[in-house]
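Dumped final_34.cif below, it's mmCIF, C-alpha atoms; chains and numbers go by the auth columns:
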data_coords
#
loop_
_atom_site.group_PDB
_atom_site.id
_atom_site.type_symbol
_atom_site.label_atom_id
_atom_site.label_comp_id
_atom_site.label_asym_id
_atom_site.label_seq_id
_atom_site.Cartn_x
_atom_site.Cartn_y
_atom_site.Cartn_z
_atom_site.B_iso_or_equiv
_atom_site.auth_seq_id
_atom_site.auth_asym_id
ATOM 1 C CA MET A 1 -12.220 -19.123 -0.995 0.00 11 A
ATOM 2 C CA LEU A 2 -11.051 -17.494 -4.221 0.00 12 A
ATOM 3 C CA PRO A 3 -14.036 -18.448 -6.447 0.00 13 A
ATOM 4 C CA LYS A 4 -16.416 -17.013 -3.845 0.00 14 A
ATOM 5 C CA LEU A 5 -14.478 -13.733 -3.578 0.00 15 A
ATOM 6 C CA THR A 6 -13.539 -13.277 -7.244 0.00 16 A
ATOM 7 C CA VAL A 7 -15.110 -10.337 -9.064 0.00 17 A
ATOM 8 C CA PRO A 8 -17.178 -11.690 -12.000 0.00 18 A
ATOM 9 C CA MET A 9 -16.081 -10.142 -15.277 0.00 19 A
ATOM 10 C CA ASP A 10 -18.661 -11.585 -17.670 0.00 20 A
ATOM 11 C CA GLY A 11 -20.951 -8.552 -17.885 0.00 21 A
ATOM 12 C CA GLU A 12 -20.496 -5.185 -19.547 0.00 22 A
ATOM 13 C CA ARG A 13 -20.745 -3.257 -16.280 0.00 23 A
ATOM 14 C CA LEU A 14 -19.984 -4.006 -12.633 0.00 24 A
ATOM 15 C CA THR A 15 -22.127 -2.657 -9.827 0.00 25 A
ATOM 16 C CA PRO A 16 -19.983 -2.672 -6.660 0.00 26 A
ATOM 17 C CA SER A 17 -22.967 -3.221 -4.356 0.00 27 A
ATOM 18 C CA ASP A 18 -23.765 -6.468 -6.211 0.00 28 A
ATOM 19 C CA LEU A 19 -20.369 -7.921 -5.276 0.00 29 A
ATOM 20 C CA PHE A 20 -20.915 -7.990 -1.525 0.00 30 A
ATOM 21 C CA SER A 21 -23.254 -9.998 0.683 0.00 31 A
ATOM 22 C CA LYS A 22 -24.399 -6.841 2.468 0.00 32 A
ATOM 23 C CA ASN A 23 -24.688 -3.241 1.340 0.00 33 A
ATOM 24 C CA GLN A 24 -21.529 -1.429 2.361 0.00 34 A
ATOM 25 C CA SER A 25 -21.704 2.330 2.925 0.00 35 A
ATOM 26 C CA GLU A 26 -19.047 2.927 0.244 0.00 36 A
ATOM 27 C CA TYR A 27 -16.658 1.101 -2.067 0.00 37 A
ATOM 28 C CA TRP A 28 -12.872 1.340 -2.253 0.00 38 A
ATOM 29 C CA LEU A 29 -10.290 0.065 -4.731 0.00 39 A
ATOM 30 C CA GLU A 30 -6.689 -1.070 -4.232 0.00 40 A
ATOM 31 C CA ILE A 31 -4.591 -1.637 -7.343 0.00 41 A
ATOM 32 C CA GLY A 32 -1.710 -4.082 -6.944 0.00 42 A
ATOM 33 C CA PHE A 33 -2.209 -5.152 -3.333 0.00 43 A
ATOM 34 C CA GLY A 34 0.956 -7.300 -3.212 0.00 44 A
ATOM 35 C CA ALA A 35 0.762 -9.627 -0.205 0.00 45 A
ATOM 36 C CA GLY A 36 -2.364 -7.847 1.037 0.00 46 A
ATOM 37 C CA GLU A 37 -1.081 -6.303 4.282 0.00 47 A
ATOM 38 C CA HIS A 38 -2.500 -2.867 3.550 0.00 48 A
ATOM 39 C CA LEU A 39 -5.784 -4.103 2.089 0.00 49 A
ATOM 40 C CA ALA A 40 -6.462 -6.492 4.985 0.00 50 A
ATOM 41 C CA TRP A 41 -5.710 -3.733 7.515 0.00 51 A
ATOM 42 C CA GLN A 42 -8.077 -1.328 5.789 0.00 52 A
ATOM 43 C CA ALA A 43 -10.799 -3.979 5.561 0.00 53 A
ATOM 44 C CA GLU A 44 -10.470 -4.809 9.261 0.00 54 A
ATOM 45 C CA HIS A 45 -10.515 -1.174 10.370 0.00 55 A
ATOM 46 C CA ASN A 46 -13.231 -0.054 7.932 0.00 56 A
ATOM 47 C CA PRO A 47 -15.884 -2.805 8.022 0.00 57 A
ATOM 48 C CA ASP A 48 -18.501 -0.576 6.378 0.00 58 A
ATOM 49 C CA ALA A 49 -16.352 -0.188 3.259 0.00 59 A
ATOM 50 C CA GLY A 50 -16.438 -2.808 0.546 0.00 60 A
ATOM 51 C CA ILE A 51 -12.887 -3.098 -0.802 0.00 61 A
ATOM 52 C CA ILE A 52 -12.024 -4.463 -4.247 0.00 62 A
ATOM 53 C CA GLY A 53 -8.388 -5.500 -4.636 0.00 63 A
ATOM 54 C CA CYS A 54 -6.560 -6.070 -7.921 0.00 64 A
ATOM 55 C CA GLU A 55 -3.475 -8.286 -8.068 0.00 65 A
ATOM 56 C CA PRO A 56 -2.400 -10.425 -11.042 0.00 66 A
ATOM 57 C CA PHE A 57 0.133 -12.541 -9.106 0.00 67 A
ATOM 58 C CA LEU A 58 -1.376 -15.604 -7.455 0.00 68 A
ATOM 59 C CA ASN A 59 1.153 -15.733 -4.592 0.00 69 A
ATOM 60 C CA GLY A 60 -0.030 -12.297 -3.465 0.00 70 A
ATOM 61 C CA VAL A 61 -3.659 -13.355 -3.766 0.00 71 A
ATOM 62 C CA ALA A 62 -2.940 -16.439 -1.633 0.00 72 A
ATOM 63 C CA SER A 63 -1.315 -14.248 1.039 0.00 73 A
ATOM 64 C CA LEU A 64 -4.362 -11.977 1.128 0.00 74 A
ATOM 65 C CA LEU A 65 -6.740 -14.947 1.319 0.00 75 A
ATOM 66 C CA ALA A 66 -4.864 -16.202 4.389 0.00 76 A
ATOM 67 C CA LYS A 67 -5.334 -12.796 6.050 0.00 77 A
ATOM 68 C CA ILE A 68 -9.023 -12.710 5.110 0.00 78 A
ATOM 69 C CA GLU A 69 -9.519 -16.142 6.671 0.00 79 A
ATOM 70 C CA ALA A 70 -7.511 -15.344 9.797 0.00 80 A
ATOM 71 C CA LYS A 71 -9.420 -12.114 10.450 0.00 81 A
ATOM 72 C CA ASN A 72 -12.784 -13.390 9.178 0.00 82 A
ATOM 73 C CA LEU A 73 -13.179 -10.464 6.794 0.00 83 A
ATOM 74 C CA ASP A 74 -16.328 -10.350 4.663 0.00 84 A
ATOM 75 C CA ASN A 75 -15.831 -6.981 2.952 0.00 85 A
ATOM 76 C CA VAL A 76 -13.098 -7.864 0.421 0.00 86 A
ATOM 77 C CA ARG A 77 -13.413 -8.950 -3.199 0.00 87 A
ATOM 78 C CA ILE A 78 -10.548 -9.891 -5.515 0.00 88 A
ATOM 79 C CA HIS A 79 -9.740 -9.252 -9.165 0.00 89 A
ATOM 80 C CA ASN A 80 -6.859 -11.584 -10.084 0.00 90 A
ATOM 81 C CA GLU A 81 -6.077 -9.847 -13.369 0.00 91 A
ATOM 82 C CA ALA A 82 -4.821 -6.496 -14.637 0.00 92 A
ATOM 83 C CA ALA A 83 -6.624 -3.568 -13.016 0.00 93 A
ATOM 84 C CA GLU A 84 -7.357 -1.936 -16.369 0.00 94 A
ATOM 85 C CA HIS A 85 -9.994 -4.595 -17.149 0.00 95 A
ATOM 86 C CA LEU A 86 -11.808 -3.875 -13.896 0.00 96 A
ATOM 87 C CA LEU A 87 -11.614 -0.101 -14.260 0.00 97 A
ATOM 88 C CA ALA A 88 -13.271 -0.335 -17.664 0.00 98 A
ATOM 89 C CA LYS A 89 -16.334 -2.058 -16.154 0.00 99 A
ATOM 90 C CA LEU A 90 -16.853 0.061 -13.024 0.00 100 A
ATOM 91 C CA PRO A 91 -19.574 2.748 -13.178 0.00 101 A
ATOM 92 C CA ASP A 92 -18.724 6.445 -13.143 0.00 102 A
ATOM 93 C CA ALA A 93 -18.079 7.929 -9.673 0.00 103 A
ATOM 94 C CA SER A 94 -18.621 4.550 -7.977 0.00 104 A
ATOM 95 C CA ILE A 95 -15.390 4.461 -5.898 0.00 105 A
ATOM 96 C CA LYS A 96 -14.928 6.575 -2.752 0.00 106 A
ATOM 97 C CA LYS A 97 -11.231 5.905 -2.133 0.00 107 A
ATOM 98 C CA ALA A 98 -8.429 4.269 -4.114 0.00 108 A
ATOM 99 C CA PHE A 99 -4.893 3.078 -3.412 0.00 109 A
ATOM 100 C CA LEU A 100 -1.914 2.439 -5.698 0.00 110 A
ATOM 101 C CA LEU A 101 0.945 1.378 -3.448 0.00 111 A
ATOM 102 C CA PHE A 102 4.472 0.421 -4.514 0.00 112 A
ATOM 103 C CA ALA A 103 3.591 -0.560 -8.056 0.00 113 A
ATOM 104 C CA ASP A 104 6.324 -1.994 -10.271 0.00 114 A
ATOM 105 C CA PRO A 105 8.453 1.022 -11.291 0.00 115 A
ATOM 106 C CA TRP A 106 9.715 -0.603 -14.497 0.00 116 A
ATOM 107 C CA PRO A 107 13.025 1.288 -14.104 0.00 117 A
ATOM 108 C CA LYS A 108 14.427 0.737 -17.608 0.00 118 A
ATOM 109 C CA SER A 109 13.550 3.535 -20.024 0.00 119 A
ATOM 110 C CA SER A 110 12.394 1.022 -22.615 0.00 120 A
ATOM 111 C CA HIS A 111 9.876 -0.338 -20.072 0.00 121 A
ATOM 112 C CA HIS A 112 8.346 2.979 -18.957 0.00 122 A
ATOM 113 C CA LYS A 113 5.319 2.345 -21.166 0.00 123 A
ATOM 114 C CA ARG A 114 4.443 -0.558 -18.826 0.00 124 A
ATOM 115 C CA ARG A 115 4.092 1.704 -15.792 0.00 125 A
ATOM 116 C CA PHE A 116 0.560 1.783 -14.441 0.00 126 A
ATOM 117 C CA VAL A 117 0.588 5.550 -14.041 0.00 127 A
ATOM 118 C CA SER A 118 -0.181 6.895 -17.492 0.00 128 A
ATOM 119 C CA GLU A 119 -2.541 9.441 -19.017 0.00 129 A
ATOM 120 C CA THR A 120 -4.953 6.653 -19.976 0.00 130 A
ATOM 121 C CA ASN A 121 -5.087 5.081 -16.513 0.00 131 A
ATOM 122 C CA ILE A 122 -5.317 8.455 -14.764 0.00 132 A
ATOM 123 C CA ARG A 123 -8.381 9.238 -16.895 0.00 133 A
ATOM 124 C CA ALA A 124 -9.847 5.847 -15.965 0.00 134 A
ATOM 125 C CA LEU A 125 -9.264 6.505 -12.268 0.00 135 A
ATOM 126 C CA ALA A 126 -10.791 9.969 -12.598 0.00 136 A
ATOM 127 C CA ARG A 127 -13.893 8.448 -14.179 0.00 137 A
ATOM 128 C CA VAL A 128 -14.544 5.844 -11.459 0.00 138 A
ATOM 129 C CA LEU A 129 -13.624 8.032 -8.461 0.00 139 A
ATOM 130 C CA ASP A 130 -16.392 10.119 -6.963 0.00 140 A
ATOM 131 C CA ASP A 131 -15.967 13.876 -6.618 0.00 141 A
ATOM 132 C CA ASN A 132 -13.590 15.043 -3.867 0.00 142 A
ATOM 133 C CA CYS A 133 -12.483 11.486 -3.087 0.00 143 A
ATOM 134 C CA ILE A 134 -8.898 10.534 -2.343 0.00 144 A
ATOM 135 C CA LEU A 135 -6.381 8.486 -4.294 0.00 145 A
ATOM 136 C CA ARG A 136 -3.265 7.455 -2.361 0.00 146 A
ATOM 137 C CA VAL A 137 -0.105 6.584 -4.278 0.00 147 A
ATOM 138 C CA GLY A 138 3.104 5.333 -2.664 0.00 148 A
ATOM 139 C CA THR A 139 6.501 4.421 -4.120 0.00 149 A
ATOM 140 C CA ASP A 140 10.068 3.909 -2.966 0.00 150 A
ATOM 141 C CA HIS A 141 11.508 4.504 -6.457 0.00 151 A
ATOM 142 C CA LEU A 142 12.861 8.031 -6.946 0.00 152 A
ATOM 143 C CA ASP A 143 12.358 8.213 -10.710 0.00 153 A
ATOM 144 C CA TYR A 144 8.889 6.675 -10.585 0.00 154 A
ATOM 145 C CA GLY A 145 7.953 9.091 -7.804 0.00 155 A
ATOM 146 C CA ALA A 146 8.833 12.013 -10.083 0.00 156 A
ATOM 147 C CA TRP A 147 6.983 10.333 -12.973 0.00 157 A
ATOM 148 C CA ILE A 148 3.842 9.889 -10.844 0.00 158 A
ATOM 149 C CA LEU A 149 3.848 13.495 -9.691 0.00 159 A
ATOM 150 C CA HIS A 150 4.461 14.825 -13.200 0.00 160 A
ATOM 151 C CA HIS A 151 1.533 12.877 -14.655 0.00 161 A
ATOM 152 C CA PHE A 152 -0.949 13.721 -11.915 0.00 162 A
ATOM 153 C CA LEU A 153 -0.031 17.402 -11.894 0.00 163 A
ATOM 154 C CA ALA A 154 -0.651 17.415 -15.655 0.00 164 A
ATOM 155 C CA SER A 155 -4.155 16.010 -15.123 0.00 165 A
ATOM 156 C CA GLU A 156 -7.074 18.432 -14.921 0.00 166 A
ATOM 157 C CA ASP A 157 -8.990 15.915 -12.788 0.00 167 A
ATOM 158 C CA PHE A 158 -6.730 15.650 -9.731 0.00 168 A
ATOM 159 C CA GLU A 159 -5.351 18.000 -7.091 0.00 169 A
ATOM 160 C CA TRP A 160 -2.197 17.154 -5.125 0.00 170 A
ATOM 161 C CA LEU A 161 -2.919 17.532 -1.410 0.00 171 A
ATOM 162 C CA ALA A 162 0.443 18.756 -0.136 0.00 172 A
ATOM 163 C CA GLU A 163 1.393 21.949 1.658 0.00 173 A
ATOM 164 C CA GLN A 164 4.581 20.878 3.443 0.00 174 A
ATOM 165 C CA PRO A 165 7.175 18.061 3.083 0.00 175 A
ATOM 166 C CA ASN A 166 5.594 15.881 5.772 0.00 176 A
ATOM 167 C CA ASP A 167 2.467 15.723 3.622 0.00 177 A
ATOM 168 C CA TRP A 168 4.296 13.388 1.236 0.00 178 A
ATOM 169 C CA LEU A 169 7.118 12.044 3.430 0.00 179 A
ATOM 170 C CA VAL A 170 4.936 10.645 6.232 0.00 180 A
ATOM 171 C CA ARG A 171 2.365 7.881 5.718 0.00 181 A
ATOM 172 C CA GLY A 172 -0.095 8.797 8.423 0.00 182 A
ATOM 173 C CA GLU A 173 -1.753 6.627 11.056 0.00 183 A
ATOM 174 C CA ASP A 174 -4.344 5.106 8.722 0.00 184 A
ATOM 175 C CA TRP A 175 -1.778 4.086 6.099 0.00 185 A
ATOM 176 C CA PRO A 176 -0.086 0.881 7.358 0.00 186 A
ATOM 177 C CA GLN A 177 3.318 -0.262 6.185 0.00 187 A
ATOM 178 C CA THR A 178 3.628 -2.964 3.518 0.00 188 A
ATOM 179 C CA ARG A 179 6.430 -5.490 3.165 0.00 189 A
ATOM 180 C CA TYR A 180 7.645 -3.641 0.078 0.00 190 A
ATOM 181 C CA GLU A 181 8.084 -0.470 2.095 0.00 191 A
ATOM 182 C CA ALA A 182 9.798 -2.410 4.883 0.00 192 A
ATOM 183 C CA LYS A 183 12.230 -3.842 2.340 0.00 193 A
ATOM 184 C CA ALA A 184 12.900 -0.354 0.970 0.00 194 A
ATOM 185 C CA LEU A 185 13.690 0.909 4.474 0.00 195 A
ATOM 186 C CA ARG A 186 16.104 -1.988 5.050 0.00 196 A
ATOM 187 C CA GLU A 187 17.833 -1.082 1.795 0.00 197 A
ATOM 188 C CA ASP A 188 17.957 2.618 2.766 0.00 198 A
ATOM 189 C CA ARG A 189 15.404 3.795 0.198 0.00 199 A
ATOM 190 C CA ARG A 190 12.995 6.462 1.354 0.00 200 A
ATOM 191 C CA SER A 191 9.389 6.287 0.248 0.00 201 A
ATOM 192 C CA VAL A 192 6.966 9.020 -0.755 0.00 202 A
ATOM 193 C CA TYR A 193 3.241 9.014 -0.003 0.00 203 A
ATOM 194 C CA TYR A 194 1.132 11.107 -2.339 0.00 204 A
ATOM 195 C CA ARG A 195 -2.500 12.033 -1.761 0.00 205 A
ATOM 196 C CA PHE A 196 -4.505 13.250 -4.732 0.00 206 A
ATOM 197 C CA LYS A 197 -8.088 14.499 -4.607 0.00 207 A
ATOM 198 C CA ARG A 198 -10.492 13.898 -7.463 0.00 208 A
ATOM 199 C CA LYS A 199 -11.688 17.402 -8.377 0.00 209 A
ATOM 200 C CA SER A 200 -15.395 18.109 -8.564 0.00 210 A
ATOM 201 C CA ARG A 201 -16.923 17.536 -11.978 0.00 211 A
ATOM 202 C CA HIS A 202 -19.006 20.737 -11.636 0.00 212 A
#
Representation of the structure as structure tokens:
Amino acid sequence: MLPKLTVPMDGERLTPSDLFSKNQSEYWLEIGFGAGEHLAWQAEHNPDAGIIGCEPFLNGVASLLAKIEAKNLDNVRIHNEAAEHLLAKLPDASIKKAFLLFADPWPKSSHHKRRFVSETNIRALARVLDDNCILRVGTDHLDYGAWILHHFLASEDFEWLAEQPNDWLVRGEDWPQTRYEAKALREDRRSVYYRFKRKSRH
């Protein structure tokens, strides 16, 4: 299944509509989908959305492929490499919704430069996200949660959609739990669920 669903990376630019067998109404992106629980749920419940998932670890890709086969999903494509390569090839304003859930927090100070959330990657996300579209970011790591919020609040391209604590402490009905979050709950770590809106370019 993987060769059929893999995003081709041989051209200079990727057109999301070219990746799918039928024209989806919009295109979403999940960065670091882990075992694929969230991505498969979104694909099943949003059949009109074409969802591109990035995950460099093959075990996670295999888990997602099993879910795709079991649910007969035809609206998922996979990038089995670092998300940065894919972001560089996507057209401006081509993504309607994006997810970054429970990424590696790289807790050691000397490893912070490896964290996905950075000024460079936030600019890349801002470029590919369409105006007023939502980016969801979740983490169970306290320090990384503060890091994420600091970097996005410093960006001129994103607005944090939060007016009360429940806005970042509660997932919401259309944000299913992942195994990483379940593990965090078992180990008594509370997660945060940020929602950022891509500001209008005009």
Could you tell me which residues the PyMOL selection byres ((chain A and resi 161-170) around 7) returns for this structure, as a PDB file with C-alpha atoms, in the frame of the given file?
ATOM      1  CA  SER A 128      -0.181   6.895 -17.492  1.00  0.00           C
ATOM      2  CA  GLU A 129      -2.541   9.441 -19.017  1.00  0.00           C
ATOM      3  CA  ALA A 136     -10.791   9.969 -12.598  1.00  0.00           C
ATOM      4  CA  TRP A 157       6.983  10.333 -12.973  1.00  0.00           C
ATOM      5  CA  ILE A 158       3.842   9.889 -10.844  1.00  0.00           C
ATOM      6  CA  LEU A 159       3.848  13.495  -9.691  1.00  0.00           C
ATOM      7  CA  HIS A 160       4.461  14.825 -13.200  1.00  0.00           C
ATOM      8  CA  LEU A 171      -2.919  17.532  -1.410  1.00  0.00           C
ATOM      9  CA  ALA A 172       0.443  18.756  -0.136  1.00  0.00           C
ATOM     10  CA  ARG A 205      -2.500  12.033  -1.761  1.00  0.00           C
ATOM     11  CA  PHE A 206      -4.505  13.250  -4.732  1.00  0.00           C
ATOM     12  CA  LYS A 207      -8.088  14.499  -4.607  1.00  0.00           C
ATOM     13  CA  ARG A 208     -10.492  13.898  -7.463  1.00  0.00           C
ATOM     14  CA  LYS A 209     -11.688  17.402  -8.377  1.00  0.00           C
TER      15      LYS A 209
END
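Minimum atom-to-atom distance to A:Ser119, evaluated using only C-alpha atoms, belongs to A:Tyr154 out of A:Leu39, A:Leu179, A:Tyr154, A:Val86.
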Closest of A:Arg23, A:His55, A:Arg196, A:His212 to A:Leu96, counting only C-alpha atoms, is A:Arg23
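We find atom CA of A:Trp38 and atom CA of A:Gly155 to be spaced 22.9 Å apart.
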If the PyMOL selection byres ((chain A and resi 35) around 7) were run on this exact file, what residues would it hold? Put them as a list in words.
Asn33, Gln34, Glu36, Asp58 and Ala59 of chain A
Please provide the set of residues having any atom within 8 Å of A:Glu65, restricted to only C-alpha atoms, with same-chain residues fewer than 2 positions apart removed, written as a ChimeraX atom specification.
/A:41-44,63,67-68,70-71,88-93
Nearest to A:Lys77, chosen from A:His48, A:Ala134, A:Pro101, A:Val127, with only C-alpha atoms counted in the distances:
A:His48
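Of the listed residues A:Lys193, A:Arg137, A:His121, A:Arg199, the one whose atoms come nearest to A:Leu100 is A:Arg137, with distances taken using all atoms listed in the file.
The residue that comes closest to A:Asn131, out of A:His95, A:Glu47, A:Thr16, A:Ser31 and on the basis of all atoms listed in the file, is A:His95.
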Nearest residue to A:Pro18 from the set A:Ala113, A:Ala103, A:Leu49, A:Ile62 (distances using all atoms listed in the file)
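For A:Pro18, the nearest of the candidates is A:Ile62.
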Picked residues, the PyMOL selection byres ((chain A and resi 24) around 10), as a list of chain:residue names
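After applying the PyMOL selection byres ((chain A and resi 24) around 10), what remains is A:Val17, A:Pro18, A:Met19, A:Asp20, A:Gly21, A:Glu22, A:Arg23, A:Thr25, A:Pro26, A:Ser27, A:Asp28, A:Leu29, A:Leu96, A:Leu97, A:Ala98, A:Lys99, A:Leu100, A:Pro101, A:Ser104.
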Kindly save the residues from that selection, with C-alpha atoms included, as a short mmCIF file (atom, residue, chain, number, x, y, z; two decimals), in the frame of the given file.
data_model
loop_
_atom_site.label_atom_id
_atom_site.label_comp_id
_atom_site.auth_asym_id
_atom_site.auth_seq_id
_atom_site.Cartn_x
_atom_site.Cartn_y
_atom_site.Cartn_z
CA VAL A 17 -15.11 -10.34 -9.06
CA PRO A 18 -17.18 -11.69 -12.00
CA MET A 19 -16.08 -10.14 -15.28
CA ASP A 20 -18.66 -11.58 -17.67
CA GLY A 21 -20.95 -8.55 -17.89
CA GLU A 22 -20.50 -5.18 -19.55
CA ARG A 23 -20.74 -3.26 -16.28
CA THR A 25 -22.13 -2.66 -9.83
CA PRO A 26 -19.98 -2.67 -6.66
CA SER A 27 -22.97 -3.22 -4.36
CA ASP A 28 -23.76 -6.47 -6.21
CA LEU A 29 -20.37 -7.92 -5.28
CA LEU A 96 -11.81 -3.88 -13.90
CA LEU A 97 -11.61 -0.10 -14.26
CA ALA A 98 -13.27 -0.34 -17.66
CA LYS A 99 -16.33 -2.06 -16.15
CA LEU A 100 -16.85 0.06 -13.02
CA PRO A 101 -19.57 2.75 -13.18
CA SER A 104 -18.62 4.55 -7.98
#
In Å, rounded to a single decimal, give me how far atom CA of A:Leu74 is from atom CA of A:Ala50.
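Computing the Euclidean distance for atom CA of A:Ala50 and atom CA of A:Leu74 yields 7.0 Å.
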